[in-house]
>>> print(open('upload.pdb').read())   # PDB, C-alpha atoms, pLDDT in the B column
ATOM      1  CA  ALA A   7     230.499 149.289  70.272  1.00 32.00           C
ATOM      2  CA  ARG A   8     227.270 147.350  70.004  1.00 34.00           C
ATOM      3  CA  ALA A   9     226.683 144.098  68.197  1.00 39.00           C
ATOM      4  CA  ALA A  10     225.839 144.642  64.542  1.00 38.00           C
ATOM      5  CA  ASN A  11     223.056 142.063  64.775  1.00 38.00           C
ATOM      6  CA  ALA A  12     221.156 143.724  67.659  1.00 39.00           C
ATOM      7  CA  GLN A  13     217.443 143.217  67.084  1.00 41.00           C
ATOM      8  CA  LEU A  14     214.749 145.873  67.018  1.00 37.00           C
ATOM      9  CA  PRO A  15     211.295 146.082  68.644  1.00 35.00           C
ATOM     10  CA  PRO A  16     208.224 145.565  66.425  1.00 36.00           C
ATOM     11  CA  TYR A  17     206.188 148.711  65.761  1.00 34.00           C
ATOM     12  CA  PHE A  18     206.590 149.851  62.152  1.00 35.00           C
ATOM     13  CA  VAL A  19     203.996 148.635  59.629  1.00 36.00           C
ATOM     14  CA  VAL A  20     204.878 147.978  55.996  1.00 40.00           C
ATOM     15  CA  LEU A  21     202.074 147.651  53.449  1.00 37.00           C
ATOM     16  CA  PHE A  22     202.508 145.798  50.185  1.00 37.00           C
ATOM     17  CA  ALA A  23     200.792 146.595  46.913  1.00 36.00           C
ATOM     18  CA  SER A  24     198.071 144.461  45.370  1.00 33.00           C
ATOM     19  CA  GLY A  25     197.511 145.234  41.682  1.00 34.00           C
ATOM     20  CA  GLN A  26     197.243 148.981  41.111  1.00 33.00           C
ATOM     21  CA  GLU A  27     196.162 149.869  44.623  1.00 36.00           C
ATOM     22  CA  ALA A  28     197.870 149.611  47.997  1.00 34.00           C
ATOM     23  CA  SER A  29     196.248 147.138  50.335  1.00 35.00           C
ATOM     24  CA  GLN A  30     196.727 145.713  53.811  1.00 37.00           C
ATOM     25  CA  GLU A  31     196.568 142.146  52.535  1.00 39.00           C
ATOM     26  CA  CYS A  32     200.191 141.484  53.586  1.00 40.00           C
ATOM     27  CA  ALA A  33     201.309 143.716  56.449  1.00 41.00           C
ATOM     28  CA  TYR A  34     204.331 143.088  58.612  1.00 43.00           C
ATOM     29  CA  ILE A  35     205.325 144.839  61.831  1.00 42.00           C
ATOM     30  CA  VAL A  36     208.996 145.840  61.725  1.00 46.00           C
ATOM     31  CA  ASP A  37     210.285 148.302  64.338  1.00 49.00           C
ATOM     32  CA  ALA A  38     209.959 151.636  66.143  1.00 53.00           C
ATOM     33  CA  GLY A  39     211.478 154.909  64.986  1.00 70.00           C
ATOM     34  CA  THR A  40     212.123 153.361  61.575  1.00 80.00           C
ATOM     35  CA  ALA A  41     211.800 154.359  57.920  1.00 85.00           C
ATOM     36  CA  ALA A  42     211.686 151.784  55.127  1.00 90.00           C
ATOM     37  CA  THR A  43     213.066 153.464  52.011  1.00 92.00           C
ATOM     38  CA  SER A  44     213.457 150.677  49.451  1.00 94.00           C
ATOM     39  CA  VAL A  45     211.891 147.303  48.688  1.00 94.00           C
ATOM     40  CA  SER A  46     212.489 144.608  46.078  1.00 95.00           C
ATOM     41  CA  VAL A  47     210.812 141.269  45.301  1.00 94.00           C
ATOM     42  CA  ASP A  48     212.415 138.321  43.521  1.00 92.00           C
ATOM     43  CA  PRO A  49     210.542 135.843  41.268  1.00 88.00           C
ATOM     44  CA  LEU A  50     209.943 133.499  44.220  1.00 87.00           C
ATOM     45  CA  GLY A  51     208.293 136.266  46.232  1.00 91.00           C
ATOM     46  CA  THR A  52     211.209 136.859  48.631  1.00 94.00           C
ATOM     47  CA  VAL A  53     211.111 140.478  49.814  1.00 95.00           C
ATOM     48  CA  THR A  54     214.220 142.528  50.638  1.00 96.00           C
ATOM     49  CA  MET A  55     213.652 145.808  52.456  1.00 95.00           C
ATOM     50  CA  SER A  56     216.130 148.507  53.487  1.00 95.00           C
ATOM     51  CA  GLY A  57     215.987 151.741  55.436  1.00 93.00           C
ATOM     52  CA  TYR A  58     217.145 153.255  58.718  1.00 89.00           C
ATOM     53  CA  TYR A  59     216.113 153.269  62.362  1.00 85.00           C
ATOM     54  CA  LYS A  60     216.445 155.564  65.351  1.00 79.00           C
ATOM     55  CA  ILE A  61     219.037 154.016  67.652  1.00 67.00           C
ATOM     56  CA  ALA A  62     217.359 155.182  70.873  1.00 60.00           C
ATOM     57  CA  ALA A  63     214.017 153.684  69.766  1.00 48.00           C
ATOM     58  CA  ALA A  64     215.714 150.315  69.426  1.00 47.00           C
ATOM     59  CA  GLY A  65     216.902 150.444  73.031  1.00 49.00           C
ATOM     60  CA  ILE A  66     220.562 150.368  71.973  1.00 49.00           C
ATOM     61  CA  ASP A  67     223.160 152.212  74.071  1.00 44.00           C
ATOM     62  CA  HIS A  68     224.726 154.674  71.654  1.00 44.00           C
ATOM     63  CA  THR A  69     225.598 158.364  71.456  1.00 50.00           C
ATOM     64  CA  ASN A  70     222.769 159.353  69.097  1.00 59.00           C
ATOM     65  CA  GLY A  71     221.568 159.150  65.521  1.00 78.00           C
ATOM     66  CA  PHE A  72     220.249 156.613  63.029  1.00 84.00           C
ATOM     67  CA  ASP A  73     221.645 153.368  61.586  1.00 88.00           C
ATOM     68  CA  CYS A  74     220.954 151.483  58.371  1.00 92.00           C
ATOM     69  CA  PHE A  75     219.227 148.112  58.205  1.00 93.00           C
ATOM     70  CA  ILE A  76     218.427 145.411  55.649  1.00 95.00           C
ATOM     71  CA  LYS A  77     215.640 142.921  56.290  1.00 95.00           C
ATOM     72  CA  ARG A  78     214.562 139.946  54.205  1.00 97.00           C
ATOM     73  CA  PHE A  79     211.254 138.066  54.240  1.00 96.00           C
ATOM     74  CA  THR A  80     210.135 134.785  52.732  1.00 94.00           C
ATOM     75  CA  VAL A  81     206.582 133.632  52.026  1.00 91.00           C
ATOM     76  CA  ASP A  82     205.120 131.081  54.452  1.00 90.00           C
ATOM     77  CA  THR A  83     202.597 128.349  53.651  1.00 89.00           C
ATOM     78  CA  SER A  84     199.667 130.714  54.256  1.00 89.00           C
ATOM     79  CA  GLY A  85     201.053 133.302  51.819  1.00 86.00           C
ATOM     80  CA  GLY A  86     202.187 135.725  54.525  1.00 89.00           C
ATOM     81  CA  TYR A  87     205.636 137.176  55.088  1.00 91.00           C
ATOM     82  CA  ILE A  88     208.042 135.877  57.722  1.00 94.00           C
ATOM     83  CA  PRO A  89     211.669 136.916  58.444  1.00 95.00           C
ATOM     84  CA  ASP A  90     214.155 134.859  56.411  1.00 96.00           C
ATOM     85  CA  SER A  91     216.174 132.895  58.988  1.00 95.00           C
ATOM     86  CA  SER A  92     218.955 132.273  56.425  1.00 96.00           C
ATOM     87  CA  PHE A  93     219.701 135.999  56.221  1.00 97.00           C
ATOM     88  CA  GLY A  94     221.699 137.841  58.885  1.00 95.00           C
ATOM     89  CA  THR A  95     220.271 137.298  62.364  1.00 94.00           C
ATOM     90  CA  SER A  96     216.595 136.313  62.222  1.00 93.00           C
ATOM     91  CA  GLY A  97     216.274 138.006  58.834  1.00 95.00           C
ATOM     92  CA  THR A  98     217.921 141.323  59.789  1.00 94.00           C
ATOM     93  CA  VAL A  99     221.321 142.937  59.188  1.00 95.00           C
ATOM     94  CA  ASN A 100     222.082 146.267  60.897  1.00 91.00           C
ATOM     95  CA  LEU A 101     224.766 148.504  59.398  1.00 90.00           C
ATOM     96  CA  PRO A 102     226.217 151.049  61.872  1.00 86.00           C
ATOM     97  CA  TYR A 103     228.876 153.072  60.008  1.00 84.00           C
ATOM     98  CA  ASP A 104     229.177 155.549  62.906  1.00 80.00           C
ATOM     99  CA  ILE A 105     231.949 157.851  61.691  1.00 78.00           C
ATOM    100  CA  GLY A 106     230.416 161.084  63.000  1.00 69.00           C
ATOM    101  CA  GLY A 107     231.686 160.802  66.583  1.00 64.00           C
ATOM    102  CA  SER A 108     230.103 163.156  69.098  1.00 58.00           C
ATOM    103  CA  ASP A 109     228.755 165.333  66.256  1.00 56.00           C
ATOM    104  CA  GLY A 110     226.215 162.657  65.371  1.00 61.00           C
ATOM    105  CA  ASN A 111     226.155 159.202  63.821  1.00 74.00           C
ATOM    106  CA  ASP A 112     223.286 159.633  61.403  1.00 84.00           C
ATOM    107  CA  ASP A 113     223.530 156.878  58.784  1.00 89.00           C
ATOM    108  CA  TYR A 114     220.716 156.548  56.239  1.00 90.00           C
ATOM    109  CA  CYS A 115     220.215 153.792  53.649  1.00 94.00           C
ATOM    110  CA  HIS A 116     218.117 155.266  50.843  1.00 95.00           C
ATOM    111  CA  ALA A 117     218.029 152.406  48.327  1.00 96.00           C
ATOM    112  CA  HIS A 118     219.237 148.904  47.544  1.00 97.00           C
ATOM    113  CA  ALA A 119     219.382 146.512  44.599  1.00 97.00           C
ATOM    114  CA  VAL A 120     219.780 142.735  44.408  1.00 96.00           C
ATOM    115  CA  GLY A 121     222.086 141.282  41.756  1.00 94.00           C
ATOM    116  CA  SER A 122     221.668 138.090  39.772  1.00 91.00           C
ATOM    117  CA  ASP A 123     224.085 136.448  42.232  1.00 92.00           C
ATOM    118  CA  GLY A 124     221.843 137.355  45.182  1.00 93.00           C
ATOM    119  CA  LYS A 125     224.268 139.942  46.554  1.00 95.00           C
ATOM    120  CA  ILE A 126     222.708 143.158  47.886  1.00 97.00           C
ATOM    121  CA  VAL A 127     224.111 146.616  47.148  1.00 96.00           C
ATOM    122  CA  ILE A 128     223.107 149.358  49.599  1.00 96.00           C
ATOM    123  CA  VAL A 129     223.484 153.102  49.042  1.00 95.00           C
ATOM    124  CA  GLY A 130     222.829 156.114  51.250  1.00 94.00           C
ATOM    125  CA  GLN A 131     224.724 158.593  53.403  1.00 91.00           C
ATOM    126  CA  ALA A 132     226.867 158.523  56.550  1.00 89.00           C
ATOM    127  CA  GLY A 133     227.154 161.570  58.798  1.00 85.00           C
ATOM    128  CA  LYS A 134     230.627 163.149  59.123  1.00 81.00           C
ATOM    129  CA  ALA A 135     232.232 164.707  62.176  1.00 77.00           C
ATOM    130  CA  GLY A 136     231.450 168.424  62.076  1.00 75.00           C
ATOM    131  CA  GLY A 137     228.412 168.012  59.819  1.00 78.00           C
ATOM    132  CA  GLY A 138     227.623 166.936  56.285  1.00 82.00           C
ATOM    133  CA  SER A 139     227.862 163.384  54.982  1.00 86.00           C
ATOM    134  CA  TYR A 140     229.723 160.933  52.826  1.00 87.00           C
ATOM    135  CA  ALA A 141     227.812 158.964  50.220  1.00 90.00           C
ATOM    136  CA  ILE A 142     227.656 155.232  51.020  1.00 91.00           C
ATOM    137  CA  ILE A 143     227.925 152.183  48.796  1.00 93.00           C
ATOM    138  CA  ASP A 144     228.195 148.788  50.459  1.00 94.00           C
ATOM    139  CA  ARG A 145     227.562 145.186  49.420  1.00 95.00           C
ATOM    140  CA  LEU A 146     226.352 142.147  51.343  1.00 96.00           C
ATOM    141  CA  THR A 147     226.432 138.498  50.347  1.00 96.00           C
ATOM    142  CA  ALA A 148     223.184 136.614  49.803  1.00 96.00           C
ATOM    143  CA  SER A 149     223.372 135.432  53.425  1.00 96.00           C
ATOM    144  CA  GLY A 150     223.797 138.972  54.807  1.00 96.00           C
ATOM    145  CA  GLN A 151     227.550 139.072  55.447  1.00 95.00           C
ATOM    146  CA  HIS A 152     229.783 141.921  54.315  1.00 93.00           C
ATOM    147  CA  ASP A 153     231.140 140.942  50.896  1.00 94.00           C
ATOM    148  CA  GLY A 154     234.929 140.616  51.156  1.00 91.00           C
ATOM    149  CA  THR A 155     235.305 140.778  47.359  1.00 92.00           C
ATOM    150  CA  PHE A 156     233.926 144.330  47.342  1.00 91.00           C
ATOM    151  CA  ASN A 157     237.309 145.976  47.846  1.00 81.00           C
ATOM    152  CA  ARG A 158     236.505 149.541  48.729  1.00 76.00           C
ATOM    153  CA  ALA A 159     235.718 151.672  51.748  1.00 77.00           C
ATOM    154  CA  PRO A 160     231.952 152.343  51.771  1.00 80.00           C
ATOM    155  CA  PHE A 161     232.360 156.158  51.657  1.00 82.00           C
ATOM    156  CA  PHE A 162     232.754 158.283  48.512  1.00 80.00           C
ATOM    157  CA  PHE A 163     232.080 161.691  46.937  1.00 76.00           C
ATOM    158  CA  PHE A 164     230.167 162.503  43.783  1.00 72.00           C
ATOM    159  CA  GLU A 165     232.538 165.413  43.144  1.00 62.00           C
ATOM    160  CA  ASP A 166     235.990 164.587  44.498  1.00 53.00           C
ATOM    161  CA  GLN A 167     237.148 168.144  45.017  1.00 49.00           C
ATOM    162  CA  VAL A 168     234.386 168.921  47.505  1.00 52.00           C
ATOM    163  CA  ASN A 169     235.256 167.672  50.987  1.00 57.00           C
ATOM    164  CA  TRP A 170     234.827 170.603  53.326  1.00 66.00           C
ATOM    165  CA  THR A 171     233.620 169.844  56.816  1.00 67.00           C
ATOM    166  CA  ASN A 172     229.871 170.276  56.312  1.00 76.00           C
ATOM    167  CA  ALA A 173     229.610 169.183  52.659  1.00 80.00           C
ATOM    168  CA  PHE A 174     226.859 166.663  51.877  1.00 85.00           C
ATOM    169  CA  ASN A 175     227.262 163.765  49.450  1.00 86.00           C
ATOM    170  CA  VAL A 176     224.195 161.520  49.231  1.00 91.00           C
ATOM    171  CA  ALA A 177     223.582 158.346  47.191  1.00 93.00           C
ATOM    172  CA  ARG A 178     219.844 158.103  46.470  1.00 94.00           C
ATOM    173  CA  ALA A 179     219.377 155.339  43.884  1.00 95.00           C
ATOM    174  CA  VAL A 180     221.123 152.175  42.687  1.00 96.00           C
ATOM    175  CA  ALA A 181     220.675 149.666  39.876  1.00 96.00           C
ATOM    176  CA  ILE A 182     222.638 146.523  38.992  1.00 96.00           C
ATOM    177  CA  ARG A 183     223.229 145.547  35.370  1.00 93.00           C
ATOM    178  CA  THR A 184     222.953 141.969  34.120  1.00 91.00           C
ATOM    179  CA  ASP A 185     226.782 141.768  34.238  1.00 90.00           C
ATOM    180  CA  ASN A 186     226.620 142.913  37.905  1.00 90.00           C
ATOM    181  CA  LEU A 187     228.200 146.303  37.266  1.00 93.00           C
ATOM    182  CA  ILE A 188     226.632 148.817  39.665  1.00 95.00           C
ATOM    183  CA  VAL A 189     225.147 152.211  38.739  1.00 94.00           C
ATOM    184  CA  VAL A 190     224.572 154.757  41.515  1.00 94.00           C
ATOM    185  CA  ALA A 191     222.867 158.170  41.332  1.00 92.00           C
ATOM    186  CA  GLY A 192     222.792 160.936  43.905  1.00 90.00           C
ATOM    187  CA  TYR A 193     224.062 164.442  44.584  1.00 86.00           C
ATOM    188  CA  GLY A 194     226.808 166.371  46.292  1.00 84.00           C
ATOM    189  CA  HIS A 195     227.881 169.864  47.278  1.00 77.00           C
ATOM    190  CA  VAL A 196     229.692 171.801  44.548  1.00 74.00           C
ATOM    191  CA  THR A 197     231.950 174.859  44.582  1.00 69.00           C
ATOM    192  CA  ASP A 198     230.689 176.367  41.303  1.00 67.00           C
ATOM    193  CA  PRO A 199     228.293 179.182  42.357  1.00 60.00           C
ATOM    194  CA  THR A 200     226.252 178.760  39.164  1.00 64.00           C
ATOM    195  CA  ARG A 201     225.322 175.232  40.259  1.00 64.00           C
ATOM    196  CA  ALA A 202     225.447 175.564  44.058  1.00 66.00           C
ATOM    197  CA  PRO A 203     224.570 174.187  46.437  1.00 75.00           C
ATOM    198  CA  PHE A 204     224.150 170.697  44.906  1.00 75.00           C
ATOM    199  CA  ALA A 205     224.612 168.921  41.601  1.00 77.00           C
ATOM    200  CA  PHE A 206     223.717 165.395  40.570  1.00 82.00           C
ATOM    201  CA  GLY A 207     226.185 162.571  40.167  1.00 85.00           C
ATOM    202  CA  LEU A 208     226.070 159.275  38.271  1.00 88.00           C
ATOM    203  CA  LEU A 209     228.751 156.664  38.986  1.00 89.00           C
ATOM    204  CA  ARG A 210     229.370 153.171  37.639  1.00 92.00           C
ATOM    205  CA  PHE A 211     231.277 150.690  39.802  1.00 92.00           C
ATOM    206  CA  ASN A 212     232.998 147.468  38.757  1.00 92.00           C
ATOM    207  CA  VAL A 213     231.984 144.253  40.523  1.00 92.00           C
ATOM    208  CA  ASP A 214     235.003 144.640  42.831  1.00 92.00           C
ATOM    209  CA  GLY A 215     233.944 148.146  43.924  1.00 91.00           C
ATOM    210  CA  ARG A 216     236.240 150.305  41.774  1.00 89.00           C
ATOM    211  CA  VAL A 217     234.755 153.410  40.123  1.00 87.00           C
ATOM    212  CA  GLU A 218     234.651 152.669  36.404  1.00 86.00           C
ATOM    213  CA  HIS A 219     232.921 155.813  35.161  1.00 83.00           C
ATOM    214  CA  ARG A 220     231.782 159.138  36.636  1.00 76.00           C
ATOM    215  CA  TYR A 221     229.330 161.684  35.224  1.00 75.00           C
ATOM    216  CA  THR A 222     228.388 164.703  37.338  1.00 64.00           C
ATOM    217  CA  GLY A 223     226.546 167.995  37.027  1.00 59.00           C
ATOM    218  CA  SER A 224     229.821 169.679  36.079  1.00 56.00           C
ATOM    219  CA  GLU A 225     230.114 167.764  32.778  1.00 54.00           C
ATOM    220  CA  PRO A 226     229.569 169.838  29.607  1.00 48.00           C
ATOM    221  CA  GLY A 227     225.942 169.708  28.514  1.00 44.00           C
ATOM    222  CA  SER A 228     224.729 168.016  31.663  1.00 45.00           C
ATOM    223  CA  ARG A 229     222.289 170.849  32.426  1.00 46.00           C
ATOM    224  CA  ARG A 230     220.525 170.752  29.065  1.00 34.00           C
ATOM    225  CA  GLY A 231     218.423 167.611  29.266  1.00 32.00           C
ATOM    226  CA  PRO A 232     214.908 167.542  30.760  1.00 30.00           C
ATOM    227  CA  GLY A 233     215.251 167.364  34.508  1.00 30.00           C
ATOM    228  CA  VAL A 234     219.046 167.116  34.341  1.00 31.00           C
ATOM    229  CA  SER A 235     220.009 170.347  36.060  1.00 30.00           C
ATOM    230  CA  GLY A 236     221.432 169.221  39.357  1.00 31.00           C
ATOM    231  CA  ILE A 237     219.399 168.332  42.422  1.00 30.00           C
ATOM    232  CA  ASP A 238     218.427 171.235  44.634  1.00 32.00           C
ATOM    233  CA  CYS A 239     216.526 169.307  47.282  1.00 33.00           C
ATOM    234  CA  PRO A 240     218.071 169.563  50.741  1.00 36.00           C
ATOM    235  CA  PRO A 241     219.827 166.604  52.357  1.00 38.00           C
ATOM    236  CA  HIS A 242     217.749 164.395  54.662  1.00 38.00           C
TER     237      HIS A 242
END
>>> encode(input="upload.pdb", output="structure tokens")
Amino acid sequence: ARAANAQLPPYFVVLFASGQEASQECAYIVDAGTAATSVSVDPLGTVTMSGYYKIAAAGIDHTNGFDCFIKRFTVDTSGGYIPDSSFGTSGTVNLPYDIGGSDGNDDYCHAHAVGSDGKIVIVGQAGKAGGGSYAIIDRLTASGQHDGTFNRAPFFFFEDQVNWTNAFNVARAVAIRTDNLIVVAGYGHVTDPTRAPFAFGLLRFNVDGRVEHRYTGSEPGSRRGPGVSGIDCPPH
């Protein structure tokens, strides 16, 4: 096993928006073989970014696949972005879930949200042995440690009855309410041929990680709203 705080080489460029148009006013080099999938900015200008990176590109000895990462930046005296030294290791936290074994350890973080308490919720997918994926939900403290009060395994299904070997469950979006309840949206494989291969899912989690409410594409009437007809896009 490798250290979770292994650092990555700098090659990936992130551009930040200025007004209505993208600009290169504030660019930061991040790392090779990497995709940034989500970004948030707090009122003080602190930037939190999440995504995934190719393990081999980072020079890390591992079987194969991708791992998740979270990176945080603060604003320096010149107005530029620098890694936040109070977060993780030199501003970075790597999240290797690695449950796929020799079949592949492809872990993707697709989105994150920052709560009013500064804690960061990450969602995505973790590759399973034999193919397919679990959906991921995980939470870090404001300093980048795993949150011990979030009492759940990070893996879940949008439709509990679907857990065949190559079934995909993918968490794509997350939002945190003002009371710090967590809402996650995504999709999963379904057995109903009229909705196959995928249907959407919407889950609400308590602050301690328990599922409080579930609404999926199998609920009555869920296919009747505009754009609410399940998600037919393929997994990553």
>>> residues_around(input="upload.pdb", residues="stretch 119-135 of chain A", least_positions_apart="5", cutoff="6 Å", atoms="all atoms listed in the file", output="list of chain:residue names")
A:Gly106, A:Gly107, A:Asp109, A:Asn111, A:Asp112, A:Asp113, A:Tyr114, A:Tyr140, A:Ala141, A:Ile142, A:Ile143, A:Asp144, A:Arg145, A:Leu146, A:Thr147, A:Ala148, A:Val176, A:Ala177, A:Arg178, A:Ala181, A:Ile182
>>> residues_near_point(input="upload.pdb", point="(233.1, 152.5, 33.2)", cutoff="10 Å", atoms="all atoms listed in the file", output="ChimeraX atom specification")
/A:187-189,209-212,216-220
>>> residues_around(input="upload.pdb", residues="A:Thr54", least_positions_apart="3", cutoff="12 Å", atoms="all atoms listed in the file", output="PyMOL selection string")
chain A and resi 42-48+50-51+57+75-81+87-90+93+97-99+117-121+124-128+148-150
>>> atom_distance(input="upload.pdb", atom1="atom CA of A:Asn175", atom2="atom CA of A:Gly94")
28.1 Å
>>> closest_residue(input="upload.pdb", among="A:Phe204, A:Tyr193, A:Ile105, A:Gly136", to="A:Phe161", atoms="all atoms listed in the file")
A:Ile105
>>> atom_distance(input="upload.pdb", atom1="atom CA of A:Phe206", atom2="atom CA of A:Gly138")
16.3 Å
>>> atom_distance(input="upload.pdb", atom1="atom CA of A:Val180", atom2="atom CA of A:Asn157")
18.1 Å
>>> closest_residue(input="upload.pdb", among="A:Ala205, A:Ala41, A:Val53, A:Cys115", to="A:Phe174", atoms="only C-alpha atoms")
A:Ala205
>>> build_atoms(input="upload.pdb", residues="stretch 146-154 of chain A", atoms="all heavy atoms", output="compact mmCIF listing (two decimals), keeping the file's coordinate frame")
# COMPACT_ATOMS: atom_id res chain seq x y z
N LEU A 146 226.48 143.32 50.49
CA LEU A 146 226.35 142.15 51.34
C LEU A 146 226.23 140.89 50.48
O LEU A 146 225.74 140.96 49.34
CB LEU A 146 225.10 142.25 52.23
CG LEU A 146 224.97 143.46 53.15
CD1 LEU A 146 223.67 143.38 53.93
CD2 LEU A 146 226.17 143.58 54.09
N THR A 147 226.65 139.77 51.02
CA THR A 147 226.43 138.50 50.35
C THR A 147 224.96 138.12 50.46
O THR A 147 224.18 138.75 51.18
CB THR A 147 227.28 137.39 50.97
OG1 THR A 147 226.84 137.18 52.33
CG2 THR A 147 228.76 137.77 50.98
N ALA A 148 224.58 137.06 49.77
CA ALA A 148 223.18 136.61 49.80
C ALA A 148 222.76 136.17 51.19
O ALA A 148 221.56 136.16 51.50
CB ALA A 148 222.98 135.49 48.80
N SER A 149 223.72 135.84 52.07
CA SER A 149 223.37 135.43 53.42
C SER A 149 223.43 136.59 54.42
O SER A 149 223.15 136.39 55.61
CB SER A 149 224.31 134.31 53.89
OG SER A 149 225.65 134.78 53.95
N GLY A 150 223.80 137.80 53.94
CA GLY A 150 223.80 138.97 54.81
C GLY A 150 225.13 139.33 55.43
O GLY A 150 225.18 140.17 56.33
N GLN A 151 226.22 138.72 54.96
CA GLN A 151 227.55 139.07 55.45
C GLN A 151 228.15 140.18 54.58
O GLN A 151 227.79 140.32 53.41
CB GLN A 151 228.47 137.85 55.41
CG GLN A 151 227.92 136.65 56.15
CD GLN A 151 227.70 136.92 57.62
OE1 GLN A 151 228.58 137.46 58.29
NE2 GLN A 151 226.54 136.53 58.13
N HIS A 152 229.07 140.97 55.15
CA HIS A 152 229.78 141.92 54.32
C HIS A 152 230.58 141.16 53.25
O HIS A 152 231.25 140.17 53.55
CB HIS A 152 230.71 142.80 55.15
CG HIS A 152 230.02 144.00 55.71
ND1 HIS A 152 229.60 144.07 57.02
CD2 HIS A 152 229.67 145.18 55.13
CE1 HIS A 152 229.02 145.24 57.22
NE2 HIS A 152 229.03 145.92 56.10
N ASP A 153 230.51 141.63 52.02
CA ASP A 153 231.14 140.94 50.90
C ASP A 153 232.63 141.31 50.83
O ASP A 153 232.98 142.44 50.48
CB ASP A 153 230.43 141.34 49.61
CG ASP A 153 230.97 140.61 48.40
OD1 ASP A 153 231.88 139.77 48.55
OD2 ASP A 153 230.47 140.87 47.29
N GLY A 154 233.49 140.36 51.15
CA GLY A 154 234.93 140.62 51.16
C GLY A 154 235.52 140.85 49.79
O GLY A 154 236.66 141.33 49.69
